[in-house]
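The structure file model23.txt is reproduced below (compact mmCIF, C-alpha atoms).
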```
# COMPACT_ATOMS: atom_id res chain seq x y z
CA MET J 1472 8.81 -7.37 -12.73
CA THR J 1473 6.04 -5.61 -10.87
CA ARG J 1474 3.50 -3.45 -12.55
CA PRO J 1475 3.52 0.22 -11.50
CA ALA J 1476 0.56 1.28 -9.38
CA SER J 1477 -2.11 3.33 -11.09
CA LYS J 1478 -2.27 7.02 -10.35
CA GLN J 1479 -5.64 6.51 -8.70
CA THR J 1480 -4.16 3.86 -6.38
CA VAL J 1481 -1.28 6.15 -5.42
CA LEU J 1482 -3.60 9.10 -4.80
CA LYS J 1483 -5.77 6.91 -2.58
CA GLU J 1484 -2.74 5.63 -0.67
CA PHE J 1485 -1.63 9.20 0.08
CA ARG J 1486 -5.19 10.35 0.94
CA ALA J 1487 -5.14 12.70 -2.06
CA LEU J 1488 -7.88 11.02 -4.09
CA ASN J 1489 -10.73 13.46 -4.66
CA PRO J 1490 -13.95 11.79 -3.47
CA ARG J 1491 -15.94 13.95 -5.91
CA PRO J 1492 -13.94 14.41 -9.13
CA GLY J 1493 -17.17 14.83 -11.09
CA ALA J 1494 -17.89 18.03 -9.14
CA VAL J 1495 -14.84 19.67 -10.73
CA ILE J 1496 -16.28 21.43 -13.77
CA ASP J 1497 -13.47 23.95 -14.23
CA GLU J 1498 -12.78 24.36 -17.94
CA ASP J 1499 -9.01 23.97 -17.63
CA PHE J 1500 -9.38 20.56 -15.98
CA ALA J 1501 -11.33 19.39 -19.03
CA VAL J 1502 -8.72 20.47 -21.60
CA CYS J 1503 -5.35 20.17 -19.87
CA ARG J 1504 -3.94 16.65 -19.36
CA PHE J 1505 -1.71 17.91 -16.53
CA LEU J 1506 -4.71 18.93 -14.43
CA ASP J 1507 -6.41 15.94 -12.83
CA PRO J 1508 -9.77 16.31 -11.06
CA GLN J 1509 -8.99 13.12 -9.12
CA ASP J 1510 -6.04 14.83 -7.36
CA VAL J 1511 -7.70 16.74 -4.51
CA VAL J 1512 -4.47 18.57 -3.61
CA GLN J 1513 -4.17 19.89 -7.16
CA VAL J 1514 -7.86 20.82 -7.27
CA LYS J 1515 -7.61 22.78 -4.02
CA TYR J 1516 -4.40 24.52 -5.07
CA GLU J 1517 -5.81 25.50 -8.46
CA MET J 1518 -9.00 26.83 -6.86
CA VAL J 1519 -7.00 29.13 -4.57
CA ARG J 1520 -4.69 30.14 -7.42
CA ARG J 1521 -7.67 30.93 -9.64
CA VAL J 1522 -9.03 33.35 -7.02
CA ARG J 1523 -5.73 34.94 -6.08
CA VAL J 1524 -3.94 35.08 -9.42
CA ASP J 1525 -6.71 35.09 -12.01
CA ASN J 1526 -9.00 37.26 -9.82
CA VAL J 1527 -11.96 34.90 -10.22
CA PRO J 1528 -14.65 35.57 -7.59
CA VAL J 1529 -14.66 33.06 -4.73
CA ALA J 1530 -18.26 32.01 -5.42
CA GLN J 1531 -17.45 31.27 -9.06
CA ALA J 1532 -14.25 29.37 -8.24
CA THR J 1533 -15.85 27.24 -5.53
CA ALA J 1534 -18.68 26.27 -7.88
CA ALA J 1535 -16.19 25.27 -10.59
CA PHE J 1536 -14.02 23.22 -8.23
CA GLY J 1537 -16.75 21.49 -6.25
CA PHE J 1538 -16.28 23.22 -2.89
CA CYS J 1539 -18.31 25.63 -0.80
CA ARG J 1540 -17.18 29.15 0.12
CA GLN J 1541 -16.43 28.17 3.71
CA SER J 1542 -14.16 25.38 2.46
CA PHE J 1543 -12.35 27.82 0.19
CA TYR J 1544 -11.34 30.02 3.12
CA ALA J 1545 -10.21 27.02 5.19
CA ILE J 1546 -8.22 25.67 2.23
CA ALA J 1547 -6.63 29.06 1.54
CA ALA J 1548 -5.64 29.41 5.22
CA ALA J 1549 -4.14 25.91 5.24
CA LEU J 1550 -2.17 26.69 2.08
CA ASP J 1551 -0.86 29.92 3.60
CA ALA J 1552 0.11 28.21 6.84
CA GLY J 1553 1.65 25.00 5.53
CA GLY J 1554 2.09 25.17 1.77
CA PRO J 1555 0.72 22.58 -0.66
CA ALA J 1556 1.42 19.70 1.78
CA ALA J 1557 -1.22 21.19 4.10
CA LEU J 1558 -3.84 20.53 1.41
CA VAL J 1559 -3.60 16.76 1.88
CA PRO J 1560 -6.59 15.68 3.95
CA GLY J 1561 -5.73 14.51 7.46
CA LYS J 1562 -6.04 10.96 8.62
CA PRO J 1563 -9.56 9.98 9.59
CA GLY J 1564 -10.41 9.01 13.12
CA PRO J 1565 -9.68 10.42 16.54
CA LYS J 1566 -6.86 12.96 16.71
CA GLY J 1567 -5.89 12.32 20.29
CA PRO J 1568 -6.54 10.12 23.26
CA ARG J 1569 -10.19 9.84 24.20
CA LYS J 1570 -9.81 7.85 27.36
CA LEU J 1571 -6.16 8.03 28.32
CA THR J 1572 -6.14 11.78 28.69
CA GLU J 1573 -3.37 13.76 30.37
CA GLU J 1574 -5.21 13.60 33.70
CA VAL J 1575 -5.59 9.81 33.53
CA MET J 1576 -1.97 9.29 32.47
CA VAL J 1577 -0.65 11.45 35.32
CA PHE J 1578 -2.71 9.28 37.69
CA VAL J 1579 -1.29 6.09 36.12
CA GLU J 1580 2.28 7.38 36.31
CA GLN J 1581 1.82 8.32 39.97
CA LEU J 1582 0.52 4.83 40.74
CA GLU J 1583 3.39 3.26 38.89
CA ALA J 1584 5.94 5.52 40.61
CA GLY J 1585 4.54 4.46 43.99
CA ASP J 1586 4.72 0.76 43.16
CA ALA J 1587 6.83 -0.33 40.18
CA ALA J 1588 5.55 -3.91 40.58
CA LEU J 1589 2.02 -2.94 39.49
CA ARG J 1590 0.91 -4.76 36.35
CA SER J 1591 -1.05 -3.10 33.57
CA GLN J 1592 -4.19 -5.02 34.61
CA GLN J 1593 -3.96 -3.50 38.08
CA LEU J 1594 -3.46 -0.03 36.59
CA VAL J 1595 -6.54 -0.55 34.41
CA GLN J 1596 -8.59 -1.50 37.47
CA ALA J 1597 -7.38 1.57 39.36
CA VAL J 1598 -8.28 3.80 36.38
CA HIS J 1599 -11.76 2.27 36.33
CA ARG J 1600 -12.24 2.87 40.06
CA GLU J 1601 -10.93 6.45 39.90
CA PHE J 1602 -12.42 7.67 36.60
CA GLY J 1603 -15.13 5.15 35.76
CA ILE J 1604 -13.62 4.40 32.35
CA THR J 1605 -12.68 1.06 30.87
CA VAL J 1606 -9.40 0.78 29.00
CA HIS J 1607 -7.42 -2.16 27.69
CA PRO J 1608 -4.21 -3.09 29.53
CA ARG J 1609 -2.25 -2.94 26.27
CA SER J 1610 -3.47 0.62 25.68
CA VAL J 1611 -2.06 1.64 29.05
CA GLU J 1612 1.25 -0.09 28.26
CA LYS J 1613 1.52 1.68 24.90
CA ALA J 1614 0.59 5.06 26.37
CA LEU J 1615 3.23 4.69 29.09
CA ALA J 1616 5.84 3.68 26.53
CA ARG J 1617 5.02 6.74 24.38
CA ARG J 1618 5.37 9.02 27.38
CA ARG J 1619 8.76 7.53 28.23
CA GLU J 1620 10.15 8.11 24.73
CA PRO J 1621 12.57 11.02 24.57
CA ARG J 1622 11.09 13.91 22.62
CA SER J 1623 13.63 15.53 20.39
CA THR J 1624 13.02 19.05 19.17
CA GLU J 1625 15.84 18.76 16.65
CA VAL J 1626 15.00 18.14 13.02
CA PRO J 1627 16.91 15.09 11.74
CA ASP J 1628 19.56 15.81 9.14
CA HIS J 1629 18.96 13.50 6.15
CA ARG J 1630 21.95 14.23 3.94
```

Go through the file and emit its structure as structure tokens.
Amino acid sequence: MTRPASKQTVLKEFRALNPRPGAVIDEDFAVCRFLDPQDVVQVKYEMVRRVRVDNVPVAQATAAFGFCRQSFYAIAAALDAGGPAALVPGKPGPKGPRKLTEEVMVFVEQLEAGDAALRSQQLVQAVHREFGITVHPRSVEKALARRREPRSTEVPDHR
């Protein structure tokens, strides 16, 4: 029998662990067991709710929840656009290709279309000559594979 993961472990796994739970000094978080200052999604949601429903001034709410005013407006906009799921912090790291940009990949695809026998190492060398950038052959292979995948606009039906 396995032991259930702690709430803190689960929050960390889903990127919802508040890095600064001590900054949450809102009174309700101190007295209500349901409210957890370690849950950053809940903290953000409650901050926006406090302003919009309880008519607490933004400056007062941000101070009580450990955010700045600028963050409040970004959080409120994310909540409006995507609901509570939009309050989960994004994955860290680059958000798109840094080297294998659209321009580079079009070049690679044109080379490959002209000579299907080209190996990834040869493509990498051509990219270096043309653009002056160094990429790994496996990165080129993966990028080409991603571009060949069919892109479905349909939402899967999980009934």

>> One decimal, in Å: what's the spacing between CA of Ala1614 (chain J) and CA of Met1576 (chain J)?
In response: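 According to the coordinates, CA of Ala1614 (chain J) and CA of Met1576 (chain J) are separated by 7.9 Å.
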
>> Using all atoms listed in the file, can you tell me which of J:Tyr1516, J:Phe1505, J:Phe1500, J:Phe1578 comes closest to Ala1535 (chain J)?
In response: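 Under the stated criterion, the closest residue is J:Phe1500.
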
> How many Å lie between CA of Cys1539 (chain J) and CA of Gly1567 (chain J), rounded to one decimal?
Replying inline: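 Taking CA of Cys1539 (chain J) and CA of Gly1567 (chain J), their separation equals 27.9 Å.
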
> Using only C-alpha atoms, which of J:Val1512, J:Val1519, J:Ala1556, J:Ala1534 sits nearest Ile1496 (chain J)?
Replying inline: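 Of J:Val1512, J:Val1519, J:Ala1556, J:Ala1534, the one nearest Ile1496 (chain J) is J:Ala1534, counting only C-alpha atoms.
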
> What gap, in Å, lies between CA of Arg1569 (chain J) and CA of Val1595 (chain J)?
Replying inline: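 Between CA of Arg1569 (chain J) and CA of Val1595 (chain J) the gap is 15.0 Å.
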
>> With distances taken over all atoms listed in the file, which residue among J:Val1522, J:Leu1558, J:Val1598, J:Ala1532 lies nearest Glu1574 (chain J)?
In response: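 Of the candidates, the smallest distance to Glu1574 (chain J) is held by J:Val1598.
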
>> Counting all atoms listed in the file, find residues at most 6 Å from (-2.9, 14.7, 1.8) (file frame) and give them as a ChimeraX atom specification.
In response: /J:1485-1487,1558-1560

>> With distances taken over only C-alpha atoms, which residue among J:Ala1587, J:Ala1597, J:Ala1530, J:Val1577 lies nearest Arg1618 (chain J)?
In response: J:Val1577

Which centre and edge lengths in Å to one decimal define the box along x, y and z that fits every listed atom of region 1541-1548 of chain J plus 8 Å per side, as JSON?
```
{"center_x": -11.0, "center_y": 27.7, "center_z": 2.7, "size_x": 26.8, "size_y": 20.6, "size_z": 21.0}
```

> Pro1492 (chain J): which residues within 8 Å, counting all atoms listed in the file, same-chain residues fewer than 2 positions away excluded, as a count of residues only?
Replying inline: 6
